[in-house]
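Coordinates as given in run.pdb (PDB, C-alpha atoms):
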ATOM      1  CA  MET H 209       6.994  17.244   4.204
ATOM      2  CA  ARG H 210       7.081  15.614   0.755
ATOM      3  CA  ILE H 211       5.565  12.179   0.168
ATOM      4  CA  ALA H 212       6.298   9.851  -2.758
ATOM      5  CA  VAL H 213       3.164   8.008  -3.871
ATOM      6  CA  PHE H 214       2.977   4.863  -5.984
ATOM      7  CA  GLY H 215      -0.329   3.520  -7.280
ATOM      8  CA  GLY H 216      -1.795   7.008  -7.087
ATOM      9  CA  THR H 217      -4.149   6.540 -10.052
ATOM     10  CA  GLY H 218      -5.937   3.523  -8.552
ATOM     11  CA  LYS H 219      -9.189   3.632  -6.588
ATOM     12  CA  ILE H 220      -7.454   3.790  -3.212
ATOM     13  CA  GLY H 221      -4.430   5.681  -4.487
ATOM     14  CA  ARG H 222      -6.477   8.615  -5.767
ATOM     15  CA  LEU H 223      -8.071   8.980  -2.352
ATOM     16  CA  VAL H 224      -4.622   8.874  -0.757
ATOM     17  CA  VAL H 225      -3.499  11.692  -3.054
ATOM     18  CA  GLU H 226      -6.587  13.764  -2.276
ATOM     19  CA  GLN H 227      -6.230  13.287   1.471
ATOM     20  CA  LEU H 228      -2.503  14.060   1.462
ATOM     21  CA  LEU H 229      -3.150  17.305  -0.393
ATOM     22  CA  ALA H 230      -6.013  18.205   1.947
ATOM     23  CA  ALA H 231      -3.666  17.653   4.891
ATOM     24  CA  GLY H 232      -1.131  20.054   3.394
ATOM     25  CA  TYR H 233       1.525  17.584   2.245
ATOM     26  CA  GLU H 234       3.544  18.047  -0.906
ATOM     27  CA  LEU H 235       3.715  14.915  -3.020
ATOM     28  CA  THR H 236       5.225  13.366  -6.085
ATOM     29  CA  VAL H 237       3.313  10.604  -7.877
ATOM     30  CA  LEU H 238       4.700   8.127 -10.403
ATOM     31  CA  ALA H 239       2.044   7.374 -13.026
ATOM     32  CA  ARG H 240       2.139   5.389 -16.238
ATOM     33  CA  ASN H 241      -0.687   7.585 -17.495
ATOM     34  CA  PRO H 242      -0.623  10.961 -15.692
ATOM     35  CA  GLY H 243      -3.893  11.924 -17.396
ATOM     36  CA  LYS H 244      -5.744   9.562 -15.074
ATOM     37  CA  LEU H 245      -4.932  11.798 -12.123
ATOM     38  CA  THR H 246      -7.167  14.769 -12.844
ATOM     39  CA  ILE H 247      -6.184  16.830  -9.821
ATOM     40  CA  ASN H 248      -4.811  20.343 -10.183
ATOM     41  CA  ASP H 249      -2.875  21.400  -7.105
ATOM     42  CA  PRO H 250       0.442  23.278  -6.791
ATOM     43  CA  LYS H 251       1.556  20.811  -4.116
ATOM     44  CA  LEU H 252       1.213  17.881  -6.542
ATOM     45  CA  THR H 253       3.913  16.769  -8.989
ATOM     46  CA  VAL H 254       3.152  13.876 -11.344
ATOM     47  CA  ARG H 255       6.023  12.087 -13.075
ATOM     48  CA  ARG H 256       5.367   9.880 -16.078
ATOM     49  CA  GLY H 257       6.941   6.440 -15.722
ATOM     50  CA  GLN H 258       6.487   2.799 -14.857
ATOM     51  CA  LEU H 259       7.670   0.647 -12.004
ATOM     52  CA  PHE H 260      10.226  -1.169 -14.144
ATOM     53  CA  ASP H 261      11.867   2.184 -14.920
ATOM     54  CA  VAL H 262      14.410   2.283 -12.091
ATOM     55  CA  ALA H 263      15.495   5.834 -12.933
ATOM     56  CA  ALA H 264      11.892   7.082 -12.747
ATOM     57  CA  VAL H 265      11.363   5.353  -9.389
ATOM     58  CA  ARG H 266      14.556   6.908  -8.021
ATOM     59  CA  ASP H 267      13.483  10.314  -9.283
ATOM     60  CA  VAL H 268      10.171  10.092  -7.422
ATOM     61  CA  VAL H 269      11.665   8.756  -4.186
ATOM     62  CA  GLY H 270      14.596  11.170  -4.120
ATOM     63  CA  GLY H 271      13.878  14.249  -2.032
ATOM     64  CA  SER H 272      10.890  12.649  -0.309
ATOM     65  CA  ASP H 273      10.454  12.156   3.420
ATOM     66  CA  ALA H 274       8.281   9.031   3.174
ATOM     67  CA  VAL H 275       6.693   6.647   0.680
ATOM     68  CA  ILE H 276       3.076   5.525   0.493
ATOM     69  CA  SER H 277       2.337   2.648  -1.869
ATOM     70  CA  ALA H 278      -1.237   1.868  -2.877
ATOM     71  CA  LEU H 279       0.028  -0.744  -5.327
ATOM     72  CA  GLY H 280      -1.677  -4.100  -5.554
ATOM     73  CA  PRO H 281      -1.477  -7.125  -7.847
ATOM     74  CA  SER H 282      -3.719  -7.683 -10.833
ATOM     75  CA  LEU H 283      -6.710  -9.970 -10.224
ATOM     76  CA  ARG H 284      -7.262 -10.682 -13.911
ATOM     77  CA  ILE H 285      -7.374 -14.358 -14.814
ATOM     78  CA  GLY H 286      -4.298 -15.510 -16.692
ATOM     79  CA  THR H 287      -2.053 -12.734 -15.389
ATOM     80  CA  SER H 288       1.564 -13.817 -15.087
ATOM     81  CA  GLY H 289       4.823 -12.284 -13.986
ATOM     82  CA  VAL H 290       5.596 -10.295 -10.860
ATOM     83  CA  PRO H 291       5.789  -6.620 -11.923
ATOM     84  CA  ILE H 292       4.515  -5.302  -8.583
ATOM     85  CA  THR H 293       7.086  -7.337  -6.658
ATOM     86  CA  GLU H 294       9.865  -6.120  -8.937
ATOM     87  CA  GLY H 295       8.593  -2.556  -8.681
ATOM     88  CA  THR H 296       8.461  -2.740  -4.899
ATOM     89  CA  CYS H 297      12.035  -4.020  -4.861
ATOM     90  CA  ALA H 298      13.001  -0.975  -6.955
ATOM     91  CA  ILE H 299      11.213   1.328  -4.501
ATOM     92  CA  VAL H 300      12.986  -0.237  -1.512
ATOM     93  CA  ALA H 301      16.365   0.076  -3.233
ATOM     94  CA  ALA H 302      15.674   3.720  -4.111
ATOM     95  CA  MET H 303      14.668   4.448  -0.520
ATOM     96  CA  ARG H 304      17.881   2.942   0.803
ATOM     97  CA  ASP H 305      19.993   4.914  -1.652
ATOM     98  CA  SER H 306      18.129   8.156  -0.903
ATOM     99  CA  GLY H 307      18.038   7.708   2.865
ATOM    100  CA  VAL H 308      14.223   7.631   2.999
ATOM    101  CA  ARG H 309      13.117   5.481   5.927
ATOM    102  CA  ARG H 310       9.309   5.441   6.185
ATOM    103  CA  PHE H 311       7.327   3.063   3.956
ATOM    104  CA  ILE H 312       3.563   2.549   4.202
ATOM    105  CA  GLY H 313       1.879   0.009   1.938
ATOM    106  CA  LEU H 314      -0.959  -2.452   1.416
ATOM    107  CA  ALA H 315      -1.442  -6.216   1.505
ATOM    108  CA  THR H 316      -4.161  -8.712   2.500
ATOM    109  CA  PRO H 317      -4.534 -11.156   5.404
ATOM    110  CA  SER H 318      -3.219 -13.899   3.093
ATOM    111  CA  VAL H 319       0.146 -12.495   4.207
ATOM    112  CA  ALA H 320       0.718 -13.313   7.880
ATOM    113  CA  ASP H 321       1.989 -11.205  10.751
ATOM    114  CA  PRO H 322       3.823 -12.998  13.610
ATOM    115  CA  ARG H 323       1.203 -11.630  16.023
ATOM    116  CA  ASP H 324      -1.642 -13.431  14.221
ATOM    117  CA  ARG H 325      -3.231 -16.509  15.738
ATOM    118  CA  PRO H 326      -4.637 -19.287  13.544
ATOM    119  CA  THR H 327      -8.264 -18.787  12.500
ATOM    120  CA  PHE H 328     -10.518 -20.690  10.129
ATOM    121  CA  LYS H 329     -11.442 -17.515   8.221
ATOM    122  CA  ALA H 330      -7.816 -16.590   7.631
ATOM    123  CA  LYS H 331      -6.982 -20.100   6.438
ATOM    124  CA  LEU H 332     -10.024 -20.147   4.151
ATOM    125  CA  LEU H 333      -9.109 -16.756   2.710
ATOM    126  CA  SER H 334      -5.590 -17.907   1.904
ATOM    127  CA  VAL H 335      -6.804 -21.106   0.270
ATOM    128  CA  MET H 336      -9.415 -19.280  -1.823
ATOM    129  CA  ALA H 337      -6.861 -16.678  -2.914
ATOM    130  CA  GLY H 338      -4.482 -19.434  -3.966
ATOM    131  CA  LEU H 339      -7.178 -21.163  -6.016
ATOM    132  CA  MET H 340      -8.740 -18.090  -7.611
ATOM    133  CA  PHE H 341      -5.804 -15.696  -7.926
ATOM    134  CA  PRO H 342      -2.592 -17.726  -7.670
ATOM    135  CA  ASN H 343      -0.402 -15.112  -9.348
ATOM    136  CA  ALA H 344      -1.813 -12.328  -7.178
ATOM    137  CA  LEU H 345      -0.980 -14.377  -4.088
ATOM    138  CA  ILE H 346       2.588 -14.791  -5.309
ATOM    139  CA  GLU H 347       2.793 -11.052  -5.925
ATOM    140  CA  LEU H 348       1.433 -10.222  -2.469
ATOM    141  CA  GLY H 349       4.004 -12.457  -0.823
ATOM    142  CA  GLY H 350       6.847 -11.095  -2.929
ATOM    143  CA  MET H 351       6.056  -7.409  -2.572
ATOM    144  CA  THR H 352       5.535  -7.773   1.179
ATOM    145  CA  ALA H 353       8.772  -9.716   1.648
ATOM    146  CA  ALA H 354      10.683  -7.034  -0.263
ATOM    147  CA  VAL H 355       9.626  -4.509   2.375
ATOM    148  CA  THR H 356       9.588  -6.581   5.561
ATOM    149  CA  GLY H 357      13.008  -8.033   4.738
ATOM    150  CA  SER H 358      14.494  -4.545   4.573
ATOM    151  CA  ASP H 359      15.734  -2.286   7.356
ATOM    152  CA  LEU H 360      13.137   0.382   6.551
ATOM    153  CA  ASP H 361      10.598   1.743   9.028
ATOM    154  CA  TRP H 362       7.624   0.063   7.412
ATOM    155  CA  THR H 363       3.946  -0.514   8.055
ATOM    156  CA  ILE H 364       1.956  -2.852   5.798
ATOM    157  CA  VAL H 365      -1.804  -2.410   6.157
ATOM    158  CA  ARG H 366      -3.846  -5.542   5.406
ATOM    159  CA  ILE H 367      -7.287  -5.174   3.850
ATOM    160  CA  THR H 368      -9.810  -7.705   2.567
ATOM    161  CA  ASN H 369     -12.935  -6.209   1.041
ATOM    162  CA  PRO H 370     -12.581  -2.539   0.051
ATOM    163  CA  THR H 371     -15.885  -0.796  -0.607
ATOM    164  CA  ASP H 372     -16.937   2.548  -2.065
ATOM    165  CA  ARG H 373     -18.967   3.532   0.978
ATOM    166  CA  PRO H 374     -18.160   6.891   2.605
ATOM    167  CA  ALA H 375     -15.550   6.852   5.359
ATOM    168  CA  GLN H 376     -17.130   5.680   8.606
ATOM    169  CA  GLY H 377     -16.375   6.685  12.166
ATOM    170  CA  THR H 378     -15.784   3.103  13.255
ATOM    171  CA  LEU H 379     -12.335   1.621  12.741
ATOM    172  CA  ARG H 380     -11.108  -1.750  13.911
ATOM    173  CA  VAL H 381      -7.381  -2.399  13.876
ATOM    174  CA  GLY H 382      -5.511  -5.452  15.074
ATOM    175  CA  PHE H 383      -4.250  -8.919  14.313
ATOM    176  CA  LEU H 384      -6.053 -12.069  13.214
ATOM    177  CA  GLY H 385      -7.295 -14.326  15.978
ATOM    178  CA  ARG H 386      -6.460 -11.752  18.630
ATOM    179  CA  ASP H 387      -8.550  -8.679  17.900
ATOM    180  CA  ALA H 388     -12.134  -8.079  16.758
ATOM    181  CA  VAL H 389     -11.353  -7.065  13.188
ATOM    182  CA  GLY H 390     -13.828  -7.580  10.392
ATOM    183  CA  TRP H 391     -13.481  -8.025   6.633
ATOM    184  CA  ALA H 392     -14.870  -4.904   4.904
ATOM    185  CA  MET H 393     -13.389  -1.401   4.851
ATOM    186  CA  SER H 394     -14.280   1.706   2.876
ATOM    187  CA  ARG H 395     -11.600   2.857   0.430
ATOM    188  CA  ALA H 396     -11.825   6.341   1.925
ATOM    189  CA  GLY H 397     -11.158   4.850   5.350
ATOM    190  CA  ILE H 398      -8.232   2.827   4.016
ATOM    191  CA  ALA H 399      -6.707   5.969   2.494
ATOM    192  CA  ALA H 400      -7.173   7.861   5.752
ATOM    193  CA  PHE H 401      -5.458   5.121   7.717
ATOM    194  CA  LEU H 402      -2.509   5.045   5.310
ATOM    195  CA  VAL H 403      -2.074   8.811   5.529
ATOM    196  CA  GLY H 404      -2.419   8.670   9.309
ATOM    197  CA  GLN H 405       0.562   6.331   9.570
ATOM    198  CA  LEU H 406       2.847   9.192   8.543
ATOM    199  CA  SER H 407       2.514  10.597  12.059
ATOM    200  CA  ASP H 408       1.716   7.379  13.939
ATOM    201  CA  THR H 409       4.338   4.729  14.737
ATOM    202  CA  THR H 410       2.022   2.419  16.689
ATOM    203  CA  TYR H 411       2.226  -0.203  13.951
ATOM    204  CA  LEU H 412       5.867   0.245  13.011
ATOM    205  CA  LYS H 413       7.212  -2.996  11.492
ATOM    206  CA  SER H 414       3.738  -4.544  11.738
ATOM    207  CA  LEU H 415       1.029  -5.787   9.384
ATOM    208  CA  PRO H 416      -2.223  -4.685  11.055
ATOM    209  CA  VAL H 417      -5.593  -5.685   9.634
ATOM    210  CA  ILE H 418      -8.122  -2.850   9.400
ATOM    211  CA  SER H 419     -11.890  -2.889   8.945
ATOM    212  CA  ASN H 420     -14.986  -0.826   9.653
TER     213      ASN H 420
END

What's the structure tokens form of this structure?
Amino acid sequence: MRIAVFGGTGKIGRLVVEQLLAAGYELTVLARNPGKLTINDPKLTVRRGQLFDVAAVRDVVGGSDAVISALGPSLRIGTSGVPITEGTCAIVAAMRDSGVRRFIGLATPSVADPRDRPTFKAKLLSVMAGLMFPNALIELGGMTAAVTGSDLDWTIVRITNPTDRPAQGTLRVGFLGRDAVGWAMSRAGIAAFLVGQLSDTTYLKSLPVISN
């Protein structure tokens, strides 16, 4: 089984790559700077390119059985534009054209799932995100809508506070206001959950929140 990975040089993405390889998957990663991915494995192919390069995106998606995206918007002050949204749209289009159905990606609870129930924490998080990172919030909404508005078999995993702690045995998964989910999650645990969705359809067409 071959997996296309986007965002594979980021903090979560690198862990996704490592865990996919450890699980025996073959994978192709699109990277603007392949040198950042210092992993030598015969099952790993790294293609140089950027998200706005539609041909490069198609090349990575083509021949794959599923896509995992660890992409996320920039949190730098003054950032403008929606490159991650546009890139996600390119990924979705490439998947449709190539007949690849399974998409697994990331978002935050500032993007709602219909199963959520109103909570003060969720409302506060959305307001704070809008005040502190307005462009990132726009990107999160756009990139999520590009996937959820498609006919793909998608799962969008919502995270809030990724940490560098080792993966923990405890995992809480659910929806805001309904389930006992927290706010922090180890990056290793996030990567493991993303990889696990390749063989788990429990959260098909859902946006579960995960935490330790």

With distances taken over only C-alpha atoms, which of H:Gly221, H:Pro242, H:Gly270, H:Gly307 is nearest to Ala396 of chain H?
-> H:Gly221

d(atom CA of Pro370 of chain H, atom CA of Ser277 of chain H) in Å =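 One can read the atom CA of Pro370 of chain H to atom CA of Ser277 of chain H distance as 15.9 Å.
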
What is the atom CA of Ala263 of chain H-atom CA of Ser407 of chain H distance in Å, reported with one decimal?
->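 One can read the atom CA of Ala263 of chain H to atom CA of Ser407 of chain H distance as 28.6 Å.
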
From H:Pro326, H:Gly313, H:Gly382, H:Gly257, residue lying nearest Leu279 of chain H [all atoms listed in the file] =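 Nearest candidate to Leu279 of chain H out of H:Pro326, H:Gly313, H:Gly382, H:Gly257: H:Gly313.
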
Take the point (-9.2, -14.9, -5.1) in the file's coordinates, draw a sphere of radius 12 Å around it, and report as a PyMOL selection string every protein, DNA or RNA residue with an atom inside or on it, counting only C-alpha atoms.
-> chain H and resi 281-285+316+318+332-346+348+368-369

The PyMOL selection byres ((chain H and resi 388-391) around 8) on the file shown: which residues, as a PDB file with C-alpha atoms, in the frame of the given file?
ATOM      1  CA  ILE H 367      -7.287  -5.174   3.850  1.00  0.00           C
ATOM      2  CA  THR H 368      -9.810  -7.705   2.567  1.00  0.00           C
ATOM      3  CA  ASN H 369     -12.935  -6.209   1.041  1.00  0.00           C
ATOM      4  CA  ARG H 380     -11.108  -1.750  13.911  1.00  0.00           C
ATOM      5  CA  VAL H 381      -7.381  -2.399  13.876  1.00  0.00           C
ATOM      6  CA  GLY H 382      -5.511  -5.452  15.074  1.00  0.00           C
ATOM      7  CA  PHE H 383      -4.250  -8.919  14.313  1.00  0.00           C
ATOM      8  CA  LEU H 384      -6.053 -12.069  13.214  1.00  0.00           C
ATOM      9  CA  GLY H 385      -7.295 -14.326  15.978  1.00  0.00           C
ATOM     10  CA  ARG H 386      -6.460 -11.752  18.630  1.00  0.00           C
ATOM     11  CA  ASP H 387      -8.550  -8.679  17.900  1.00  0.00           C
ATOM     12  CA  ALA H 392     -14.870  -4.904   4.904  1.00  0.00           C
ATOM     13  CA  MET H 393     -13.389  -1.401   4.851  1.00  0.00           C
ATOM     14  CA  VAL H 417      -5.593  -5.685   9.634  1.00  0.00           C
ATOM     15  CA  ILE H 418      -8.122  -2.850   9.400  1.00  0.00           C
ATOM     16  CA  SER H 419     -11.890  -2.889   8.945  1.00  0.00           C
ATOM     17  CA  ASN H 420     -14.986  -0.826   9.653  1.00  0.00           C
TER      18      ASN H 420
END

Can you work out which one of H:Val268, H:Val262, H:Ala278, H:Leu415 has the shortest atom-to-atom distance to Gly215 of chain H, counting only C-alpha atoms?
->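 Closest residue, counting only C-alpha atoms: H:Ala278.
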
Measuring atom to atom with all atoms listed in the file, identify which of H:Leu245, H:Leu229, H:Leu252, H:Ala298 is nearest to Val265 of chain H.
->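 Nearest to Val265 of chain H: H:Ala298.
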
Carefully work through the PyMOL selection byres ((chain H and resi 314) around 6) for this structure and note down the residues it includes, as a list in words.
->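 The output of the PyMOL selection byres ((chain H and resi 314) around 6) on this file is Gly313, Ala315, Ile364, Val365 and Arg366 of chain H.
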
For C-alpha atoms, I'd like the residues from the last selection saved as a CSV table (one decimal), keeping the file's coordinate frame.
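Contents of out-v3.csv, as written:
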chain,number,residue,atom,x,y,z
H,313,GLY,CA,1.9,0.0,1.9
H,315,ALA,CA,-1.4,-6.2,1.5
H,364,ILE,CA,2.0,-2.9,5.8
H,365,VAL,CA,-1.8,-2.4,6.2
H,366,ARG,CA,-3.8,-5.5,5.4

Size and centre in Å, one decimal, axis-aligned box, all listed segment 374-383 of chain H atoms plus 6 Å per side, as lines of an AutoDock Vina configuration file:
center_x = -11.2
center_y = -1.0
center_z = 8.8
size_x = 25.9
size_y = 27.8
size_z = 24.5

Applied to this file, what does the PyMOL selection byres ((chain H and resi 264) around 12) return in terms of residues, put as a list in words?
->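 Here the PyMOL selection byres ((chain H and resi 264) around 12) matches Ala212, Phe214, Thr236, Val237, Leu238, Ala239, Arg240, Val254, Arg255, Arg256, Gly257, Gln258, Leu259, Phe260, Asp261, Val262, Ala263, Val265, Arg266, Asp267, Val268, Val269, Gly270, Gly295, Ala298, Ile299 and Ala302 of chain H.
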
With a distance cut-off of 8 Å and all atoms listed in the file, select the neighbouring residues of Ser358 of chain H, excluding the residue or stretch itself and same-chain residues fewer than 3 positions from it, and output the selection as number ranges by chain.
-> H: 300, 354-355

Would you kindly return, as JSON, numbers by chain, each protein, DNA or RNA residue with an atom no farther than 8 Å from any atom of Val224 of chain H, considering only C-alpha atoms and excluding same-chain residues fewer than 2 positions away?
-> {"H": [216, 220, 221, 222, 226, 227, 228, 399, 400, 402, 403]}

Of the candidates H:Asp249, H:Asp361, H:Ala274, H:Thr352, which shows the shortest atom-to-atom distance to Tyr411 of chain H, using only C-alpha atoms?
->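 Of the candidates, the smallest distance to Tyr411 of chain H is held by H:Asp361.
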
To one decimal in Å, tell me the separation between atom CA of Gly404 of chain H and atom CA of Pro416 of chain H.
->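 Separating atom CA of Gly404 of chain H from atom CA of Pro416 of chain H is a distance of 13.5 Å.
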
Which residue of H:Thr378, H:Gln405, H:Ser414, H:Thr296 approaches Asp321 of chain H most closely, using only C-alpha atoms =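 Closest candidate: H:Ser414.
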
Got a sec: who's within 12 Å of Asp359 of chain H, counting all atoms listed in the file, leaving out chain neighbours fewer than 4 positions off, as number ranges by chain?
-> H: 300-301, 303-304, 307-311, 353-355, 363, 412-413

Go ahead and write the selection's residues with C-alpha atoms as a PDB file, keeping the file's coordinate frame.
ATOM      1  CA  VAL H 300      12.986  -0.237  -1.512  1.00  0.00           C
ATOM      2  CA  ALA H 301      16.365   0.076  -3.233  1.00  0.00           C
ATOM      3  CA  MET H 303      14.668   4.448  -0.520  1.00  0.00           C
ATOM      4  CA  ARG H 304      17.881   2.942   0.803  1.00  0.00           C
ATOM      5  CA  GLY H 307      18.038   7.708   2.865  1.00  0.00           C
ATOM      6  CA  VAL H 308      14.223   7.631   2.999  1.00  0.00           C
ATOM      7  CA  ARG H 309      13.117   5.481   5.927  1.00  0.00           C
ATOM      8  CA  ARG H 310       9.309   5.441   6.185  1.00  0.00           C
ATOM      9  CA  PHE H 311       7.327   3.063   3.956  1.00  0.00           C
ATOM     10  CA  ALA H 353       8.772  -9.716   1.648  1.00  0.00           C
ATOM     11  CA  ALA H 354      10.683  -7.034  -0.263  1.00  0.00           C
ATOM     12  CA  VAL H 355       9.626  -4.509   2.375  1.00  0.00           C
ATOM     13  CA  THR H 363       3.946  -0.514   8.055  1.00  0.00           C
ATOM     14  CA  LEU H 412       5.867   0.245  13.011  1.00  0.00           C
ATOM     15  CA  LYS H 413       7.212  -2.996  11.492  1.00  0.00           C
TER      16      LYS H 413
END

Can you complete the atoms of segment 213-239 of chain H to N, CA and C atoms and list them as a tab-separated table (two decimals), keeping the file's coordinate frame?
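The resulting file, part21.tsv, is shown below:
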chain	number	residue	atom	x	y	z
H	213	VAL	N	4.34	8.88	-3.80
H	213	VAL	CA	3.16	8.01	-3.87
H	213	VAL	C	3.26	7.12	-5.11
H	214	PHE	N	3.04	5.84	-4.90
H	214	PHE	CA	2.98	4.86	-5.98
H	214	PHE	C	1.58	4.24	-5.98
H	215	GLY	N	1.04	4.01	-7.18
H	215	GLY	CA	-0.33	3.52	-7.28
H	215	GLY	C	-1.34	4.63	-7.09
H	216	GLY	N	-0.93	5.86	-7.36
H	216	GLY	CA	-1.80	7.01	-7.09
H	216	GLY	C	-2.95	7.19	-8.04
H	217	THR	N	-3.01	6.42	-9.14
H	217	THR	CA	-4.15	6.54	-10.05
H	217	THR	C	-5.19	5.46	-9.82
H	218	GLY	N	-4.96	4.56	-8.87
H	218	GLY	CA	-5.94	3.52	-8.55
H	218	GLY	C	-7.05	4.05	-7.67
H	219	LYS	N	-8.02	3.20	-7.36
H	219	LYS	CA	-9.19	3.63	-6.59
H	219	LYS	C	-8.81	4.09	-5.19
H	220	ILE	N	-7.90	3.37	-4.54
H	220	ILE	CA	-7.45	3.79	-3.21
H	220	ILE	C	-6.40	4.88	-3.35
H	221	GLY	N	-5.52	4.73	-4.32
H	221	GLY	CA	-4.43	5.68	-4.49
H	221	GLY	C	-4.90	7.10	-4.72
H	222	ARG	N	-5.96	7.27	-5.52
H	222	ARG	CA	-6.48	8.62	-5.77
H	222	ARG	C	-6.97	9.26	-4.48
H	223	LEU	N	-7.60	8.46	-3.63
H	223	LEU	CA	-8.07	8.98	-2.35
H	223	LEU	C	-6.90	9.34	-1.45
H	224	VAL	N	-5.83	8.55	-1.51
H	224	VAL	CA	-4.62	8.87	-0.76
H	224	VAL	C	-4.08	10.23	-1.20
H	225	VAL	N	-3.99	10.42	-2.51
H	225	VAL	CA	-3.50	11.69	-3.05
H	225	VAL	C	-4.37	12.86	-2.58
H	226	GLU	N	-5.68	12.70	-2.69
H	226	GLU	CA	-6.59	13.76	-2.28
H	226	GLU	C	-6.43	14.09	-0.79
H	227	GLN	N	-6.32	13.06	0.03
H	227	GLN	CA	-6.23	13.29	1.47
H	227	GLN	C	-4.88	13.87	1.87
H	228	LEU	N	-3.81	13.46	1.19
H	228	LEU	CA	-2.50	14.06	1.46
H	228	LEU	C	-2.51	15.55	1.14
H	229	LEU	N	-3.08	15.90	0.00
H	229	LEU	CA	-3.15	17.30	-0.39
H	229	LEU	C	-4.01	18.10	0.59
H	230	ALA	N	-5.13	17.52	1.00
H	230	ALA	CA	-6.01	18.20	1.95
H	230	ALA	C	-5.32	18.44	3.28
H	231	ALA	N	-4.39	17.53	3.63
H	231	ALA	CA	-3.67	17.65	4.89
H	231	ALA	C	-2.46	18.59	4.78
H	232	GLY	N	-2.20	19.09	3.57
H	232	GLY	CA	-1.13	20.05	3.39
H	232	GLY	C	0.20	19.48	2.97
H	233	TYR	N	0.26	18.19	2.68
H	233	TYR	CA	1.52	17.58	2.24
H	233	TYR	C	1.84	17.96	0.80
H	234	GLU	N	3.11	17.99	0.48
H	234	GLU	CA	3.54	18.05	-0.91
H	234	GLU	C	3.80	16.62	-1.35
H	235	LEU	N	3.53	16.30	-2.60
H	235	LEU	CA	3.72	14.92	-3.02
H	235	LEU	C	4.12	14.81	-4.47
H	236	THR	N	4.83	13.72	-4.73
H	236	THR	CA	5.22	13.37	-6.08
H	236	THR	C	4.66	11.99	-6.38
H	237	VAL	N	3.97	11.85	-7.51
H	237	VAL	CA	3.31	10.60	-7.88
H	237	VAL	C	3.95	10.07	-9.16
H	238	LEU	N	4.27	8.79	-9.17
H	238	LEU	CA	4.70	8.13	-10.40
H	238	LEU	C	3.47	7.52	-11.06
H	239	ALA	N	3.23	7.86	-12.33
H	239	ALA	CA	2.04	7.37	-13.03
H	239	ALA	C	2.40	6.99	-14.45
